[in-house]
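Have a look at run_8.json below; it lists JSON, N, CA and C atoms.
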[["chain", "number", "residue", "atom", "x", "y", "z"],
["A", 6, "MET", "N", -3.58, -10.87, 6.46],
["A", 6, "MET", "CA", -2.14, -10.96, 6.33],
["A", 6, "MET", "C", -1.69, -10.74, 4.89],
["A", 7, "LEU", "N", -2.56, -10.99, 3.97],
["A", 7, "LEU", "CA", -2.19, -10.81, 2.57],
["A", 7, "LEU", "C", -2.44, -9.39, 2.07],
["A", 8, "MET", "N", -3.08, -8.56, 2.87],
["A", 8, "MET", "CA", -3.46, -7.23, 2.42],
["A", 8, "MET", "C", -2.25, -6.38, 2.02],
["A", 9, "PHE", "N", -1.21, -6.35, 2.84],
["A", 9, "PHE", "CA", -0.08, -5.47, 2.54],
["A", 9, "PHE", "C", 0.73, -5.93, 1.33],
["A", 10, "PRO", "N", 1.05, -7.21, 1.18],
["A", 10, "PRO", "CA", 1.76, -7.60, -0.05],
["A", 10, "PRO", "C", 0.95, -7.34, -1.32],
["A", 11, "ILE", "N", -0.36, -7.58, -1.26],
["A", 11, "ILE", "CA", -1.20, -7.33, -2.43],
["A", 11, "ILE", "C", -1.27, -5.84, -2.73],
["A", 12, "MET", "N", -1.33, -5.03, -1.68],
["A", 12, "MET", "CA", -1.43, -3.59, -1.84],
["A", 12, "MET", "C", -0.14, -3.01, -2.41],
["A", 13, "LEU", "N", 1.00, -3.53, -1.98],
["A", 13, "LEU", "CA", 2.28, -2.96, -2.39],
["A", 13, "LEU", "C", 2.85, -3.55, -3.68],
["A", 14, "ALA", "N", 2.36, -4.69, -4.10],
["A", 14, "ALA", "CA", 2.93, -5.37, -5.27],
["A", 14, "ALA", "C", 2.98, -4.49, -6.53],
["A", 15, "PRO", "N", 1.90, -3.80, -6.89],
["A", 15, "PRO", "CA", 1.95, -3.01, -8.13],
["A", 15, "PRO", "C", 2.93, -1.83, -8.10],
["A", 16, "VAL", "N", 3.27, -1.32, -6.93],
["A", 16, "VAL", "CA", 4.15, -0.15, -6.84],
["A", 16, "VAL", "C", 5.49, -0.49, -6.16],
["A", 17, "ARG", "N", 5.80, -1.76, -6.06],
["A", 17, "ARG", "CA", 7.02, -2.18, -5.38],
["A", 17, "ARG", "C", 8.27, -1.59, -6.02],
["A", 18, "ARG", "N", 8.36, -1.62, -7.33],
["A", 18, "ARG", "CA", 9.54, -1.08, -8.02],
["A", 18, "ARG", "C", 9.69, 0.42, -7.77],
["A", 19, "GLN", "N", 8.58, 1.12, -7.83],
["A", 19, "GLN", "CA", 8.63, 2.56, -7.63],
["A", 19, "GLN", "C", 9.03, 2.90, -6.19],
["A", 20, "ILE", "N", 8.51, 2.16, -5.22],
["A", 20, "ILE", "CA", 8.87, 2.39, -3.82],
["A", 20, "ILE", "C", 10.34, 2.09, -3.60],
["A", 21, "THR", "N", 10.83, 0.99, -4.17],
["A", 21, "THR", "CA", 12.24, 0.63, -4.03],
["A", 21, "THR", "C", 13.13, 1.68, -4.67],
["A", 22, "ARG", "N", 12.76, 2.16, -5.85],
["A", 22, "ARG", "CA", 13.52, 3.19, -6.54],
["A", 22, "ARG", "C", 13.55, 4.48, -5.72],
["A", 23, "ASP", "N", 12.40, 4.87, -5.16],
["A", 23, "ASP", "CA", 12.35, 6.07, -4.33],
["A", 23, "ASP", "C", 13.21, 5.91, -3.07],
["A", 24, "TYR", "N", 13.21, 4.71, -2.51],
["A", 24, "TYR", "CA", 14.01, 4.46, -1.30],
["A", 24, "TYR", "C", 15.50, 4.63, -1.59],
["A", 25, "TYR", "N", 15.98, 4.04, -2.68],
["A", 25, "TYR", "CA", 17.39, 4.16, -3.01],
["A", 25, "TYR", "C", 17.77, 5.59, -3.40],
["A", 26, "ARG", "N", 16.86, 6.31, -4.03],
["A", 26, "ARG", "CA", 17.11, 7.72, -4.30],
["A", 26, "ARG", "C", 17.21, 8.49, -3.00],
["A", 27, "TRP", "N", 16.37, 8.15, -2.03],
["A", 27, "TRP", "CA", 16.38, 8.82, -0.74],
["A", 27, "TRP", "C", 17.68, 8.54, 0.01],
["A", 28, "ILE", "N", 18.22, 7.32, -0.11],
["A", 28, "ILE", "CA", 19.50, 6.98, 0.52],
["A", 28, "ILE", "C", 20.60, 7.90, -0.02],
["A", 29, "ASP", "N", 20.59, 8.11, -1.33],
["A", 29, "ASP", "CA", 21.60, 8.99, -1.95],
["A", 29, "ASP", "C", 21.39, 10.46, -1.59],
["A", 30, "ASP", "N", 20.14, 10.88, -1.56],
["A", 30, "ASP", "CA", 19.81, 12.28, -1.29],
["A", 30, "ASP", "C", 18.57, 12.34, -0.39],
["A", 31, "PRO", "N", 18.74, 12.57, 0.92],
["A", 31, "PRO", "CA", 17.61, 12.57, 1.85],
["A", 31, "PRO", "C", 16.53, 13.62, 1.59],
["A", 32, "THR", "N", 16.79, 14.57, 0.72],
["A", 32, "THR", "CA", 15.76, 15.58, 0.41],
["A", 32, "THR", "C", 14.80, 15.11, -0.69],
["A", 33, "THR", "N", 15.01, 13.92, -1.23],
["A", 33, "THR", "CA", 14.16, 13.39, -2.29],
["A", 33, "THR", "C", 12.76, 13.12, -1.76],
["A", 34, "LYS", "N", 11.76, 13.49, -2.52],
["A", 34, "LYS", "CA", 10.36, 13.29, -2.13],
["A", 34, "LYS", "C", 9.84, 11.96, -2.68],
["A", 35, "VAL", "N", 8.83, 11.44, -2.03],
["A", 35, "VAL", "CA", 8.20, 10.19, -2.45],
["A", 35, "VAL", "C", 7.31, 10.48, -3.65],
["A", 36, "GLY", "N", 7.23, 9.50, -4.57],
["A", 36, "GLY", "CA", 6.37, 9.66, -5.74],
["A", 36, "GLY", "C", 4.91, 9.75, -5.33],
["A", 37, "LYS", "N", 4.19, 10.71, -5.88],
["A", 37, "LYS", "CA", 2.79, 10.92, -5.51],
["A", 37, "LYS", "C", 1.89, 9.81, -6.02],
["A", 38, "ALA", "N", 2.24, 9.22, -7.15],
["A", 38, "ALA", "CA", 1.42, 8.15, -7.71],
["A", 38, "ALA", "C", 1.45, 6.92, -6.79],
["A", 39, "ALA", "N", 2.62, 6.60, -6.27],
["A", 39, "ALA", "CA", 2.74, 5.44, -5.37],
["A", 39, "ALA", "C", 1.95, 5.67, -4.10],
["A", 40, "MET", "N", 2.04, 6.85, -3.53],
["A", 40, "MET", "CA", 1.31, 7.15, -2.30],
["A", 40, "MET", "C", -0.21, 7.14, -2.55],
["A", 41, "ALA", "N", -0.63, 7.64, -3.69],
["A", 41, "ALA", "CA", -2.06, 7.62, -4.02],
["A", 41, "ALA", "C", -2.55, 6.19, -4.18],
["A", 42, "TRP", "N", -1.74, 5.34, -4.84],
["A", 42, "TRP", "CA", -2.11, 3.94, -5.01],
["A", 42, "TRP", "C", -2.24, 3.25, -3.66],
["A", 43, "ILE", "N", -1.28, 3.47, -2.76],
["A", 43, "ILE", "CA", -1.30, 2.83, -1.45],
["A", 43, "ILE", "C", -2.54, 3.27, -0.67],
["A", 44, "ALA", "N", -2.81, 4.55, -0.65],
["A", 44, "ALA", "CA", -3.97, 5.06, 0.09],
["A", 44, "ALA", "C", -5.28, 4.53, -0.48],
["A", 45, "THR", "N", -5.40, 4.54, -1.80],
["A", 45, "THR", "CA", -6.63, 4.07, -2.44],
["A", 45, "THR", "C", -6.83, 2.58, -2.24],
["A", 46, "SER", "N", -5.78, 1.79, -2.46],
["A", 46, "SER", "CA", -5.94, 0.34, -2.32],
["A", 46, "SER", "C", -6.17, -0.07, -0.88],
["A", 47, "MET", "N", -5.56, 0.65, 0.08],
["A", 47, "MET", "CA", -5.80, 0.32, 1.48],
["A", 47, "MET", "C", -7.25, 0.62, 1.85],
["A", 48, "THR", "N", -7.78, 1.72, 1.37],
["A", 48, "THR", "CA", -9.18, 2.05, 1.64],
["A", 48, "THR", "C", -10.12, 1.00, 1.07],
["A", 49, "ILE", "N", -9.87, 0.60, -0.17],
["A", 49, "ILE", "CA", -10.72, -0.41, -0.81],
["A", 49, "ILE", "C", -10.64, -1.74, -0.06],
["A", 50, "MET", "N", -9.44, -2.13, 0.34],
["A", 50, "MET", "CA", -9.29, -3.40, 1.05],
["A", 50, "MET", "C", -9.93, -3.37, 2.43],
["A", 51, "LEU", "N", -9.84, -2.25, 3.12],
["A", 51, "LEU", "CA", -10.49, -2.15, 4.43],
["A", 51, "LEU", "C", -12.00, -2.19, 4.30],
["A", 52, "VAL", "N", -12.54, -1.57, 3.27],
["A", 52, "VAL", "CA", -13.99, -1.63, 3.03],
["A", 52, "VAL", "C", -14.39, -3.08, 2.71],
["A", 53, "ALA", "N", -13.61, -3.77, 1.89],
["A", 53, "ALA", "CA", -13.91, -5.16, 1.55],
["A", 53, "ALA", "C", -13.87, -6.05, 2.79],
["A", 54, "ILE", "N", -12.90, -5.83, 3.66],
["A", 54, "ILE", "CA", -12.81, -6.60, 4.90],
["A", 54, "ILE", "C", -14.03, -6.31, 5.77],
["A", 55, "GLY", "N", -14.43, -5.06, 5.86],
["A", 55, "GLY", "CA", -15.61, -4.70, 6.65],
["A", 55, "GLY", "C", -16.88, -5.34, 6.11],
["A", 56, "VAL", "N", -17.03, -5.33, 4.80],
["A", 56, "VAL", "CA", -18.21, -5.96, 4.18],
["A", 56, "VAL", "C", -18.21, -7.46, 4.44],
["A", 57, "ALA", "N", -17.07, -8.11, 4.31],
["A", 57, "ALA", "CA", -16.99, -9.55, 4.57],
["A", 57, "ALA", "C", -17.28, -9.86, 6.03],
["A", 58, "TRP", "N", -16.82, -9.01, 6.93],
["A", 58, "TRP", "CA", -17.05, -9.22, 8.36],
["A", 58, "TRP", "C", -18.54, -9.09, 8.67],
["A", 59, "VAL", "N", -19.19, -8.06, 8.12],
["A", 59, "VAL", "CA", -20.62, -7.86, 8.36],
["A", 59, "VAL", "C", -21.41, -9.01, 7.75],
["A", 60, "ALA", "N", -21.04, -9.45, 6.57],
["A", 60, "ALA", "CA", -21.74, -10.57, 5.94],
["A", 60, "ALA", "C", -21.58, -11.85, 6.76],
["A", 61, "GLY", "N", -20.42, -12.05, 7.33],
["A", 61, "GLY", "CA", -20.19, -13.22, 8.18],
["A", 61, "GLY", "C", -21.02, -13.17, 9.44],
["A", 62, "ARG", "N", -21.17, -11.99, 10.01],
["A", 62, "ARG", "CA", -21.98, -11.85, 11.23],
["A", 62, "ARG", "C", -23.46, -12.08, 10.95],
["A", 63, "LYS", "N", -23.94, -11.65, 9.79],
["A", 63, "LYS", "CA", -25.35, -11.84, 9.45],
["A", 63, "LYS", "C", -25.67, -13.31, 9.19],
["A", 64, "ASN", "N", -24.69, -14.06, 8.71],
["A", 64, "ASN", "CA", -24.93, -15.47, 8.45],
["A", 64, "ASN", "C", -24.72, -16.34, 9.68],
["A", 65, "GLY", "N", -24.39, -15.72, 10.79],
["A", 65, "GLY", "CA", -24.25, -16.46, 12.03],
["A", 65, "GLY", "C", -22.93, -17.16, 12.21],
["A", 66, "ALA", "N", -21.92, -16.78, 11.46],
["A", 66, "ALA", "CA", -20.62, -17.44, 11.56],
["A", 66, "ALA", "C", -19.81, -16.91, 12.70]]

Rendering of file as structure tokens:
Amino acid sequence: MLMFPIMLAPVRRQITRDYYRWIDDPTTKVGKAAMAWIATSMTIMLVAIGVAWVAGRKNGA
């Protein structure tokens, strides 16, 4: 449940700024740095969750 707030926290301002720009002009594109951060951090967090899940299964939990 904490994955999405942690993932979005560093780029929250940029996402909000892009959203309000999009409201004014719907042809505005999303910042590439924010999208790269979201994709990278989501991948890292999913791998960490998978590793924790496998470690929990090996310990018999």

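Counting from CA of Ser46 in chain A, the distance to CA of Gln19 in chain A is 15.7 Å.
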
Pick from A:Ile20, A:Ala38, A:Met50, A:Ile43, whichever lies nearest to Met6 in chain A using only C-alpha atoms: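 Comparing A:Ile20, A:Ala38, A:Met50, A:Ile43 against Met6 in chain A, the winner is A:Met50.
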
Counting only N, CA and C atoms, which of A:Thr32, A:Arg62, A:Ala53, A:Ala39 gets nearest to Arg17 in chain A?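 For Arg17 in chain A, the nearest of the candidates is A:Ala39.
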
Need the shell around Thr48 in chain A: protein/DNA/RNA residues with any atom at most 12 Å away, counting only C-alpha atoms. Skip same-chain ones fewer than 6 positions apart. Format as a list in words?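 Counting only C-alpha atoms, the residues come to Met8, Phe9, Met12, Ala41, Trp42, Ile54 and Gly55 of chain A.
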
Output N, CA and C atoms for every residue in that selection, as a compact mmCIF listing (two decimals), keeping the file's coordinate frame.
# COMPACT_ATOMS: atom_id res chain seq x y z
N MET A 8 -3.08 -8.56 2.87
CA MET A 8 -3.46 -7.23 2.42
C MET A 8 -2.25 -6.38 2.02
N PHE A 9 -1.21 -6.35 2.84
CA PHE A 9 -0.08 -5.47 2.54
C PHE A 9 0.73 -5.93 1.33
N MET A 12 -1.33 -5.03 -1.68
CA MET A 12 -1.43 -3.59 -1.84
C MET A 12 -0.14 -3.01 -2.41
N ALA A 41 -0.63 7.64 -3.69
CA ALA A 41 -2.06 7.62 -4.02
C ALA A 41 -2.55 6.19 -4.18
N TRP A 42 -1.74 5.34 -4.84
CA TRP A 42 -2.11 3.94 -5.01
C TRP A 42 -2.24 3.25 -3.66
N ILE A 54 -12.90 -5.83 3.66
CA ILE A 54 -12.81 -6.60 4.90
C ILE A 54 -14.03 -6.31 5.77
N GLY A 55 -14.43 -5.06 5.86
CA GLY A 55 -15.61 -4.70 6.65
C GLY A 55 -16.88 -5.34 6.11

One-decimal distance in Å that lies between CA of Thr45 in chain A and atom C of Tyr25 in chain A: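 So the two atoms, atom C of Tyr25 in chain A and CA of Thr45 in chain A, lie 24.5 Å apart.
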
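You will find atom C of Lys37 in chain A at 11.3 Å from atom N of Val16 in chain A.
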
Chain A: which residues are alpha helix (DSSP H) by DSSP, as a ChimeraX atom specification? /A:8-13,17-29,37-63

Nearest residue to Arg22 in chain A from the set A:Val56, A:Val35, A:Leu7, A:Met47 (distances using only C-alpha atoms):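 Smallest separation from Arg22 in chain A among the options: A:Val35.
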
From the set A:Trp58, A:Gly36, A:Lys63, A:Pro10, which residue has the shortest atom-to-atom contact distance to Tyr24 in chain A, counting only C-alpha atoms?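 With only C-alpha atoms as the atom set, the closest residue is A:Gly36.
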